[in-house]
Each structure stands twice: as C-alpha cells, then as structure tokens.
$ cat model.csv   # CSV, C-alpha atoms
chain,number,residue,atom,x,y,z
A,1,MET,CA,29.7,-25.7,24.1
A,2,PHE,CA,26.8,-27.9,25.2
A,3,SER,CA,28.2,-28.7,28.6
A,4,ALA,CA,29.1,-25.0,29.2
A,5,ILE,CA,25.5,-24.0,28.5
A,6,ALA,CA,23.8,-26.9,30.2
A,7,LEU,CA,25.7,-26.3,33.4
A,8,ASN,CA,25.1,-22.5,33.3
A,9,TYR,CA,22.6,-22.2,36.2
A,10,PRO,CA,21.1,-18.8,35.4
A,11,ILE,CA,20.3,-19.7,31.8
A,12,THR,CA,19.0,-23.2,32.7
A,13,LEU,CA,16.7,-21.8,35.4
A,14,ALA,CA,15.5,-18.9,33.1
A,15,THR,CA,14.8,-21.4,30.3
A,16,SER,CA,13.0,-23.8,32.6
A,17,MET,CA,10.8,-20.9,33.9
A,18,LEU,CA,9.8,-20.0,30.4
A,19,TYR,CA,8.7,-23.6,29.7
A,20,VAL,CA,6.8,-23.7,33.0
A,21,LEU,CA,5.0,-20.4,32.1
A,22,LEU,CA,4.3,-21.7,28.6
A,23,ALA,CA,2.8,-24.9,30.1
A,24,ALA,CA,0.6,-22.9,32.4
A,25,ALA,CA,-0.5,-20.7,29.6
A,26,SER,CA,-1.3,-23.7,27.4
A,27,CYS,CA,-3.3,-25.4,30.2
A,28,GLY,CA,-5.2,-22.2,31.1
A,29,VAL,CA,-6.1,-21.4,27.5
A,30,THR,CA,-7.1,-25.0,26.8
A,31,VAL,CA,-9.6,-24.9,29.7
A,32,THR,CA,-11.0,-21.4,29.0
A,33,THR,CA,-11.4,-22.0,25.3
A,34,ARG,CA,-12.5,-25.6,25.3
A,35,ALA,CA,-15.9,-24.6,24.0
A,36,VAL,CA,-14.4,-22.9,20.9
A,37,ALA,CA,-13.6,-25.3,18.1
A,38,HIS,CA,-10.9,-23.2,16.4
A,39,SER,CA,-9.5,-20.8,19.0
A,40,LYS,CA,-6.8,-18.5,17.5
A,41,LEU,CA,-5.4,-17.8,21.0
A,42,ARG,CA,-5.1,-21.5,21.7
A,43,MET,CA,-3.3,-22.1,18.3
A,44,GLN,CA,-1.0,-19.2,19.0
A,45,ILE,CA,0.1,-20.5,22.4
A,46,ASN,CA,0.4,-24.1,21.3
A,47,SER,CA,2.6,-23.0,18.4
A,48,TRP,CA,5.2,-21.8,20.8
A,49,TRP,CA,5.8,-25.5,21.6
A,50,LEU,CA,7.3,-25.7,18.2
A,51,ILE,CA,9.2,-22.4,18.3
A,52,PHE,CA,10.6,-22.8,21.9
A,53,PRO,CA,12.4,-26.1,21.3
A,54,LEU,CA,13.9,-25.0,18.0
A,55,VAL,CA,15.4,-21.9,19.7
A,56,THR,CA,16.5,-23.9,22.6
A,57,VAL,CA,18.4,-26.4,20.4
A,58,SER,CA,20.0,-23.6,18.5
A,59,LEU,CA,21.2,-22.1,21.8
A,60,LEU,CA,22.6,-25.5,23.0
A,61,LEU,CA,24.5,-25.9,19.8
A,62,GLY,CA,26.3,-22.6,20.1
A,63,PRO,CA,27.5,-20.8,16.9
A,64,PRO,CA,26.7,-23.8,14.7
A,65,GLY,CA,23.1,-23.6,16.1
A,66,ALA,CA,22.9,-19.9,15.2
A,67,LEU,CA,24.0,-20.8,11.7
A,68,LEU,CA,21.4,-23.6,11.4
A,69,LEU,CA,18.7,-21.3,12.7
A,70,PHE,CA,19.7,-18.7,10.1
A,71,MET,CA,19.6,-21.3,7.3
A,72,LEU,CA,16.2,-22.6,8.5
A,73,ILE,CA,14.7,-19.1,8.6
A,74,GLY,CA,16.1,-18.3,5.2
A,75,ALA,CA,14.9,-21.5,3.6
A,76,LEU,CA,11.4,-21.0,4.9
A,77,THR,CA,11.5,-17.4,3.8
A,78,VAL,CA,12.4,-18.4,0.2
A,79,ARG,CA,9.7,-21.0,0.2
A,80,GLU,CA,7.1,-18.6,1.6
A,81,LEU,CA,7.9,-15.7,-0.7
A,82,ALA,CA,7.8,-17.9,-3.8
A,83,PHE,CA,4.1,-18.5,-3.2
A,84,HIS,CA,3.4,-14.8,-4.0
A,85,LEU,CA,4.9,-15.0,-7.5
A,86,ALA,CA,2.6,-15.6,-10.3
A,87,ASN,CA,5.4,-16.9,-12.5
A,88,GLU,CA,9.0,-17.9,-12.1
A,89,LYS,CA,8.5,-19.6,-8.7
A,90,THR,CA,11.3,-22.2,-9.5
A,91,ARG,CA,13.7,-19.5,-10.6
A,92,PHE,CA,13.1,-17.5,-7.4
A,93,ARG,CA,13.6,-20.6,-5.2
A,94,LEU,CA,16.9,-21.5,-7.0
A,95,ALA,CA,18.2,-17.9,-6.8
A,96,GLY,CA,17.0,-17.6,-3.2
A,97,ALA,CA,18.8,-20.8,-2.2
A,98,ALA,CA,22.0,-19.7,-3.9
A,99,ALA,CA,21.8,-16.2,-2.2
A,100,LEU,CA,21.1,-17.8,1.2
A,101,SER,CA,24.1,-20.2,0.9
A,102,VAL,CA,26.4,-17.4,0.0
A,103,ALA,CA,25.1,-15.2,2.8
A,104,ALA,CA,25.6,-18.1,5.3
A,105,ALA,CA,29.1,-18.8,4.1
A,106,LEU,CA,30.1,-15.1,4.3
A,107,SER,CA,28.4,-14.6,7.7
A,108,TRP,CA,30.4,-17.5,9.1
A,109,TYR,CA,33.8,-16.8,7.5
A,110,ALA,CA,33.8,-13.1,6.8
A,111,PRO,CA,31.1,-11.4,9.0
A,112,ALA,CA,32.1,-7.8,8.2
A,113,LEU,CA,32.1,-8.5,4.5
A,114,ALA,CA,28.7,-10.3,4.8
A,115,LEU,CA,27.1,-7.4,6.5
A,116,SER,CA,28.5,-4.9,4.1
A,117,VAL,CA,27.5,-6.9,1.0
A,118,LEU,CA,24.0,-7.6,2.3
A,119,ALA,CA,23.5,-3.9,3.3
A,120,LEU,CA,24.5,-2.8,-0.2
A,121,LEU,CA,22.2,-5.3,-1.8
A,122,VAL,CA,19.3,-4.3,0.4
A,123,SER,CA,19.9,-0.6,-0.5
A,124,GLY,CA,20.1,-1.4,-4.2
A,125,GLN,CA,17.0,-3.5,-4.2
A,126,LEU,CA,15.1,-0.9,-2.2
A,127,ALA,CA,16.0,1.8,-4.7
A,128,SER,CA,14.9,-0.6,-7.5
A,129,PHE,CA,11.6,-1.3,-5.8
A,130,ILE,CA,10.9,2.4,-5.2
A,131,ALA,CA,11.6,3.1,-8.9
A,132,ARG,CA,9.5,0.3,-10.3
A,133,LYS,CA,7.2,-0.7,-7.5
A,134,SER,CA,6.6,-4.3,-8.6
A,135,VAL,CA,6.2,-7.5,-6.7
A,136,ALA,CA,9.1,-8.9,-8.5
A,137,ARG,CA,11.3,-6.3,-6.9
A,138,LEU,CA,9.6,-6.4,-3.4
A,139,LEU,CA,10.1,-10.2,-2.8
A,140,PRO,CA,13.9,-10.2,-3.3
A,141,LEU,CA,14.1,-7.1,-1.1
A,142,LEU,CA,12.2,-8.9,1.7
A,143,LEU,CA,14.5,-11.9,1.4
A,144,LEU,CA,17.7,-9.8,1.5
A,145,ALA,CA,16.4,-7.8,4.4
A,146,THR,CA,15.6,-10.9,6.4
A,147,CYS,CA,19.0,-12.4,5.6
A,148,LEU,CA,20.8,-9.1,6.6
A,149,GLY,CA,18.9,-8.9,9.9
A,150,THR,CA,19.0,-12.6,11.0
A,151,SER,CA,22.7,-12.9,10.0
A,152,CYS,CA,23.4,-10.8,13.1
A,153,VAL,CA,22.3,-13.8,15.2
A,154,ILE,CA,25.4,-15.6,13.8
A,155,GLN,CA,27.5,-12.5,14.6
A,156,LEU,CA,26.2,-12.5,18.2
A,157,ALA,CA,27.0,-16.2,18.6
A,158,ARG,CA,30.5,-15.6,17.4
A,159,MET,CA,31.4,-12.6,19.5
A,160,PRO,CA,34.8,-13.0,21.3
A,161,LEU,CA,33.3,-13.8,24.6
A,162,PRO,CA,33.1,-16.9,26.9
A,163,PRO,CA,30.5,-19.4,25.5
A,164,GLU,CA,28.1,-18.9,28.4
A,165,LYS,CA,28.1,-15.2,27.8
A,166,THR,CA,27.4,-15.3,24.1
A,167,VAL,CA,24.5,-17.8,24.7
A,168,ALA,CA,23.2,-15.5,27.4
A,169,TRP,CA,23.1,-12.6,25.0
A,170,LEU,CA,21.3,-14.7,22.4
A,171,PHE,CA,18.8,-15.9,25.0
A,172,TYR,CA,18.3,-12.3,26.0
A,173,LEU,CA,17.6,-11.3,22.4
A,174,PHE,CA,15.1,-14.0,21.7
A,175,VAL,CA,13.2,-13.6,24.9
A,176,LEU,CA,13.0,-9.8,24.7
A,177,THR,CA,12.0,-9.9,21.1
A,178,ALA,CA,9.2,-12.4,21.7
A,179,LEU,CA,7.8,-10.9,24.9
A,180,ASN,CA,8.0,-7.4,23.4
A,181,ASP,CA,5.7,-8.6,20.7
A,182,ILE,CA,3.4,-10.1,23.2
A,183,GLY,CA,3.4,-7.0,25.4
A,184,GLN,CA,2.5,-4.8,22.5
A,185,PHE,CA,-0.3,-7.1,21.4
A,186,VAL,CA,-1.8,-7.4,24.9
A,187,ALA,CA,-1.5,-3.7,25.7
A,188,GLY,CA,-2.9,-2.7,22.2
A,189,THR,CA,-5.8,-5.1,22.6
A,190,VAL,CA,-6.7,-3.9,26.1
A,191,PHE,CA,-5.9,-0.2,26.0
A,192,GLY,CA,-5.4,0.6,22.3
A,193,ARG,CA,-7.0,3.8,21.2
A,194,GLY,CA,-4.6,6.0,19.3
A,195,LYS,CA,-3.7,4.6,15.9
A,196,ILE,CA,-0.2,4.9,14.6
A,197,ALA,CA,-0.4,3.9,11.0
A,198,VAL,CA,-4.0,3.2,10.0
A,199,ARG,CA,-3.2,2.6,6.3
A,200,ILE,CA,-0.4,0.1,7.0
A,201,SER,CA,-1.5,-1.7,10.1
A,202,PRO,CA,-4.8,-0.6,11.8
A,203,ASN,CA,-4.2,-2.5,14.9
A,204,LYS,CA,-0.9,-0.7,15.8
A,205,THR,CA,-1.5,1.8,18.6
A,206,TRP,CA,0.6,4.1,20.8
A,207,GLN,CA,-0.7,2.3,23.8
A,208,GLY,CA,0.5,-1.0,22.3
A,209,LEU,CA,3.9,0.4,21.7
A,210,ALA,CA,4.1,1.8,25.2
A,211,GLY,CA,3.1,-1.6,26.6
A,212,GLY,CA,5.9,-3.2,24.7
A,213,VAL,CA,8.4,-0.7,25.9
A,214,PHE,CA,7.2,-1.2,29.5
A,215,VAL,CA,7.4,-5.0,29.3
A,216,SER,CA,10.8,-4.8,27.6
A,217,ALA,CA,12.2,-2.5,30.2
A,218,LEU,CA,11.1,-4.7,33.1
A,219,LEU,CA,12.3,-7.8,31.4
A,220,SER,CA,15.6,-6.3,30.4
A,221,LEU,CA,16.4,-5.2,33.9
A,222,ALA,CA,15.3,-8.6,35.4
A,223,LEU,CA,16.9,-10.9,32.8
A,224,GLY,CA,20.0,-8.8,32.2
A,225,SER,CA,20.7,-8.5,35.9
A,226,TRP,CA,20.0,-12.2,36.5
A,227,LEU,CA,22.4,-13.2,33.7
A,228,GLN,CA,24.9,-10.4,34.7
A,229,LEU,CA,25.0,-8.9,31.3
A,230,ALA,CA,25.3,-5.2,31.9
A,231,ALA,CA,24.5,-2.2,34.1
A,232,PRO,CA,20.9,-1.2,34.7
A,233,ALA,CA,21.2,2.0,32.7
A,234,TRP,CA,22.6,0.2,29.7
A,235,LEU,CA,19.9,-2.5,29.9
A,236,LEU,CA,17.1,0.1,30.0
A,237,LEU,CA,18.5,2.0,26.9
A,238,VAL,CA,18.8,-1.3,24.9
A,239,ALA,CA,15.3,-2.3,26.0
A,240,LEU,CA,14.0,0.9,24.5
A,241,MET,CA,15.9,0.4,21.3
A,242,LEU,CA,14.8,-3.2,20.9
A,243,ALA,CA,11.1,-2.4,21.7
A,244,VAL,CA,11.0,0.4,19.2
A,245,GLY,CA,13.1,-1.6,16.7
A,246,GLY,CA,10.8,-4.6,17.0
A,247,PHE,CA,7.8,-2.4,16.5
A,248,CYS,CA,9.3,-0.9,13.3
A,249,GLY,CA,10.2,-4.3,12.0
A,250,ASP,CA,6.6,-5.5,12.4
A,251,LEU,CA,5.4,-2.3,10.8
A,252,MET,CA,7.8,-2.7,7.9
A,253,PHE,CA,6.6,-6.2,7.0
A,254,SER,CA,3.0,-5.1,7.6
A,255,ALA,CA,3.5,-2.5,4.9
A,256,ALA,CA,4.8,-5.3,2.6
A,257,LYS,CA,1.8,-7.4,3.3
A,258,ARG,CA,-0.5,-4.5,2.6
A,259,TYR,CA,1.2,-3.9,-0.7
A,260,LEU,CA,0.8,-7.6,-1.6
A,261,GLY,CA,-2.8,-7.6,-0.5
A,262,ILE,CA,-2.4,-10.4,2.1
A,263,LYS,CA,-3.1,-10.8,5.8
A,264,ASP,CA,-0.3,-13.3,6.5
A,265,PHE,CA,2.7,-14.4,4.5
A,266,SER,CA,1.5,-18.0,4.9
A,267,ASN,CA,-0.2,-20.4,7.3
A,268,LEU,CA,3.0,-22.2,8.3
A,269,ILE,CA,2.7,-21.5,12.0
A,270,PRO,CA,-0.9,-21.9,13.3
A,271,GLY,CA,-2.2,-18.7,14.8
A,272,HIS,CA,0.9,-16.7,13.8
A,273,GLY,CA,1.0,-16.8,10.1
A,274,GLY,CA,4.2,-17.5,8.2
A,275,ILE,CA,7.9,-17.4,9.2
A,276,LEU,CA,8.1,-13.7,8.2
A,277,ASP,CA,5.1,-12.9,10.4
A,278,ARG,CA,7.1,-14.4,13.3
A,279,VAL,CA,10.6,-13.1,12.7
A,280,ASP,CA,9.7,-9.6,11.4
A,281,SER,CA,10.7,-8.0,14.7
A,282,LEU,CA,14.0,-10.1,14.9
A,283,VAL,CA,15.1,-8.7,11.6
A,284,LEU,CA,15.7,-5.3,13.3
A,285,THR,CA,16.3,-6.3,17.0
A,286,ALA,CA,19.2,-8.7,16.1
A,287,PRO,CA,21.3,-6.0,14.4
A,288,LEU,CA,20.4,-3.4,17.0
A,289,LEU,CA,21.6,-5.6,19.8
A,290,TYR,CA,24.7,-6.7,17.9
A,291,PHE,CA,25.8,-3.2,17.1
A,292,ALA,CA,24.9,-1.9,20.6
A,293,ILE,CA,27.3,-4.5,22.1
A,294,ARG,CA,30.0,-3.9,19.6
A,295,LEU,CA,29.9,-0.1,19.6
A,296,THR,CA,29.1,0.6,23.3
A,297,PRO,CA,30.3,-2.5,25.2
A,298,PRO,CA,28.3,-3.0,28.4
$ encode --input "model.csv" --output "structure tokens"
Amino acid sequence: MFSAIALNYPITLATSMLYVLLAAASCGVTVTTRAVAHSKLRMQINSWWLIFPLVTVSLLLGPPGALLLFMLIGALTVRELAFHLANEKTRFRLAGAAALSVAAALSWYAPALALSVLALLVSGQLASFIARKSVARLLPLLLLATCLGTSCVIQLARMPLPPEKTVAWLFYLFVLTALNDIGQFVAGTVFGRGKIAVRISPNKTWQGLAGGVFVSALLSLALGSWLQLAAPAWLLLVALMLAVGGFCGDLMFSAAKRYLGIKDFSNLIPGHGGILDRVDSLVLTAPLLYFAIRLTPP
C-alpha cells in the first residue's frame, strides 16, 4: 500500500503542493502578524502543521490508516464531550470507549451492519433527545453521529478499487472538506451580509455558503480531473453536495454548541477549537461521498 501511494505521481505532487501552500501561508501570516502577540489567524494556520501530517500518514497506511484515524477522532471526541458533563464523566468515557471499539470492529469486518446499527442508534438517540432535551441525551447523540459519519472514511478506504484509486478518493474528500470550510469562512468574512441562521450561528451567511460552493466546484474539477476520478459533470454535482453537506454539518454542531452554551467544544487545536469543531463538516461529507460513489459510480 505504501509503495503504491508513494509512487503515485498525481497524489504525491498534489500533496506536495498543499504543503508548499501551507508553508507560504505560514510565512506570510507570521510576517504580517508579527506585532500581534496572540494572533488567531496565525494559530489557525500553524495548527494545520499538526493536522496535515496526521492525515498524510493515514493516507499512506491505506485502510489501516483510515481505521486509526477513525479511532483517534472517536477517542478525542469521547474525551472532549466528557468535559461537558457535570457528573458521570468516568462512566461516559468508559461507555464511549466501548461504543467506539464496537463501531470500529463492525466498520472493519461488517461495514453494512455497522452503518445500519449506527444509523438506528443515532435515530433512537435523536428521538430521545427531542423528547427529553437534556445534555445527558445530547452528548451520546453527538458521539454516535460522529462515529456514523467518520466510519464512512473506513468504508471509502476499503472500496473494491485499486489502492491508488481509493487513496485518491480519500485525498479528494479531505482536501475538498477542508478547503470548502476555508472558502466559506473567507467569503463570509469579506462579503457576508445575508444571515442564514442567526439564532444558531450568527456568522453563517449566504455569501459564505456561495463562496464555499464556488471553491469546491473549482477544486473538484481541478483535483478530480488531475487524479482522473470522474467526468466533469459528476465532479460538479458531488462538489455541490459536499459543499452544502459540509455547511450543514457545521451548522448542526453549532446548534449543539449553542444548546450547551459554549463557543468551542474544547481548546485542543489552537485557533480551531476542539476535534468536533474541526471534523463537524466531515461527519456529513464522508457519508455523502461514499454513497455517491456506491450509488452512482463515476
């Protein structure tokens, strides 16, 4: 797996370009914000030097790397959500660890069963939360939803395709999800006027959403064509789905934060917040891409 990916010229070049762009952004922001003691923008960009290598290693390891990434996200999610419980933190951590282990095993050995079970648990927990509206119901719901969404990363890595093609799809997913977030943020900051959901997330605007869709469409065409993933029409349709899906995932977790009365789930990632603040879009974009490939093969 490692040699197949390492020798795949399109992916290697695309990955190298991302690291070069990140290095340029880091240098530029460091120079322009050198007079600011604690620049949030500088922290945000520098934090990508932690995120990028983790994702790169997971890609290099193939399906086992996707499983390890799933376990890492899940473990950090359990740890993060436990902080928001007044009592029974230890019980939540133990139950969360057990649930995560079962979800990982099922996702690896019985993917269809894993998706079905997780979807049923999410539905049940959502109904329970709506009925009782308590933090004790919300936190397991967030954990289960995160497990359900990110387990599709494992399913993508285990598709019956050549190794270089599966890693290309994973690379496409991670890059589109991340840059869609960035595109929405920049467009919303520069052009944002029309609010979408003021009571949930005041910073979300129609202009920001449009900016994310535009960036995703261009990137999907460029990256998908470079990696020879699909026809342009298919790439544009999926870009629209992922851009809107990422936006909805962000909005969904923003609603949870508003209910909990917090700005970020934690301060794990400087400038970004917690692990859930970083993977909220992936929770929806991963299953959307997985089912798009399975139901309408490109």
$ atom_distance --input "model.csv" --atom1 "atom CA of A:Asn8" --atom2 "atom CA of A:Ala25"
25.9 Å
$ atom_distance --input "model.csv" --atom1 "atom CA of A:Gly224" --atom2 "atom CA of A:Ala187"
23.0 Å
$ closest_residue --input "model.csv" --among "A:Leu176, A:Leu120, A:Leu138, A:Leu18" --to "A:Ala255" --atoms "all atoms listed in the file"
A:Leu138
$ residues_around --input "model.csv" --residues "A:Ala98" --least-positions-apart "6" --cutoff "12 Å" --atoms "only C-alpha atoms" --output "VMD selection string"
chain A and resid 71 74 to 75 78 91 to 92 104 to 105
$ write_last_selection --input "model.csv" --atoms "C-alpha atoms" --output "PDB file, in the frame of the given file"
ATOM      1  CA  MET A  71      19.600 -21.300   7.300  1.00  0.00           C
ATOM      2  CA  GLY A  74      16.100 -18.300   5.200  1.00  0.00           C
ATOM      3  CA  ALA A  75      14.900 -21.500   3.600  1.00  0.00           C
ATOM      4  CA  VAL A  78      12.400 -18.400   0.200  1.00  0.00           C
ATOM      5  CA  ARG A  91      13.700 -19.500 -10.600  1.00  0.00           C
ATOM      6  CA  PHE A  92      13.100 -17.500  -7.400  1.00  0.00           C
ATOM      7  CA  ALA A 104      25.600 -18.100   5.300  1.00  0.00           C
ATOM      8  CA  ALA A 105      29.100 -18.800   4.100  1.00  0.00           C
TER       9      ALA A 105
END
$ residues_around --input "model.csv" --residues "stretch 34-48 of chain A" --least-positions-apart "2" --cutoff "7 Å" --atoms "all atoms listed in the file" --output "PDB file with C-alpha atoms, in the frame of the given file"
ATOM      1  CA  SER A  26      -1.300 -23.700  27.400  1.00  0.00           C
ATOM      2  CA  VAL A  29      -6.100 -21.400  27.500  1.00  0.00           C
ATOM      3  CA  THR A  30      -7.100 -25.000  26.800  1.00  0.00           C
ATOM      4  CA  VAL A  31      -9.600 -24.900  29.700  1.00  0.00           C
ATOM      5  CA  THR A  32     -11.000 -21.400  29.000  1.00  0.00           C
ATOM      6  CA  LEU A  50       7.300 -25.700  18.200  1.00  0.00           C
ATOM      7  CA  ILE A  51       9.200 -22.400  18.300  1.00  0.00           C
ATOM      8  CA  PHE A  52      10.600 -22.800  21.900  1.00  0.00           C
ATOM      9  CA  ILE A 269       2.700 -21.500  12.000  1.00  0.00           C
ATOM     10  CA  PRO A 270      -0.900 -21.900  13.300  1.00  0.00           C
ATOM     11  CA  GLY A 271      -2.200 -18.700  14.800  1.00  0.00           C
ATOM     12  CA  HIS A 272       0.900 -16.700  13.800  1.00  0.00           C
TER      13      HIS A 272
END
$ closest_residue --input "model.csv" --among "A:Ala82, A:Val238, A:Ala95, A:Leu113" --to "A:Val135" --atoms "only C-alpha atoms"
A:Ala82
$ residues_around --input "model.csv" --residues "A:Lys263" --least-positions-apart "4" --cutoff "9 Å" --atoms "all atoms listed in the file" --output "list in words"
Ser254, Lys257, Arg258 and Gly273 of chain A
$ atom_distance --input "model.csv" --atom1 "atom CA of A:Ile275" --atom2 "atom CA of A:Thr77"
6.5 Å
$ residues_around --input "model.csv" --residues "A:Phe291" --least-positions-apart "3" --cutoff "12 Å" --atoms "all atoms listed in the file" --output "list in words"
Ala112, Leu115, Gly149, Cys152, Val153, Gln155, Leu156, Met159, Val238, Met241, Leu242, Leu284, Thr285, Ala286, Pro287, Leu288, Arg294, Leu295, Thr296, Pro297 and Pro298 of chain A
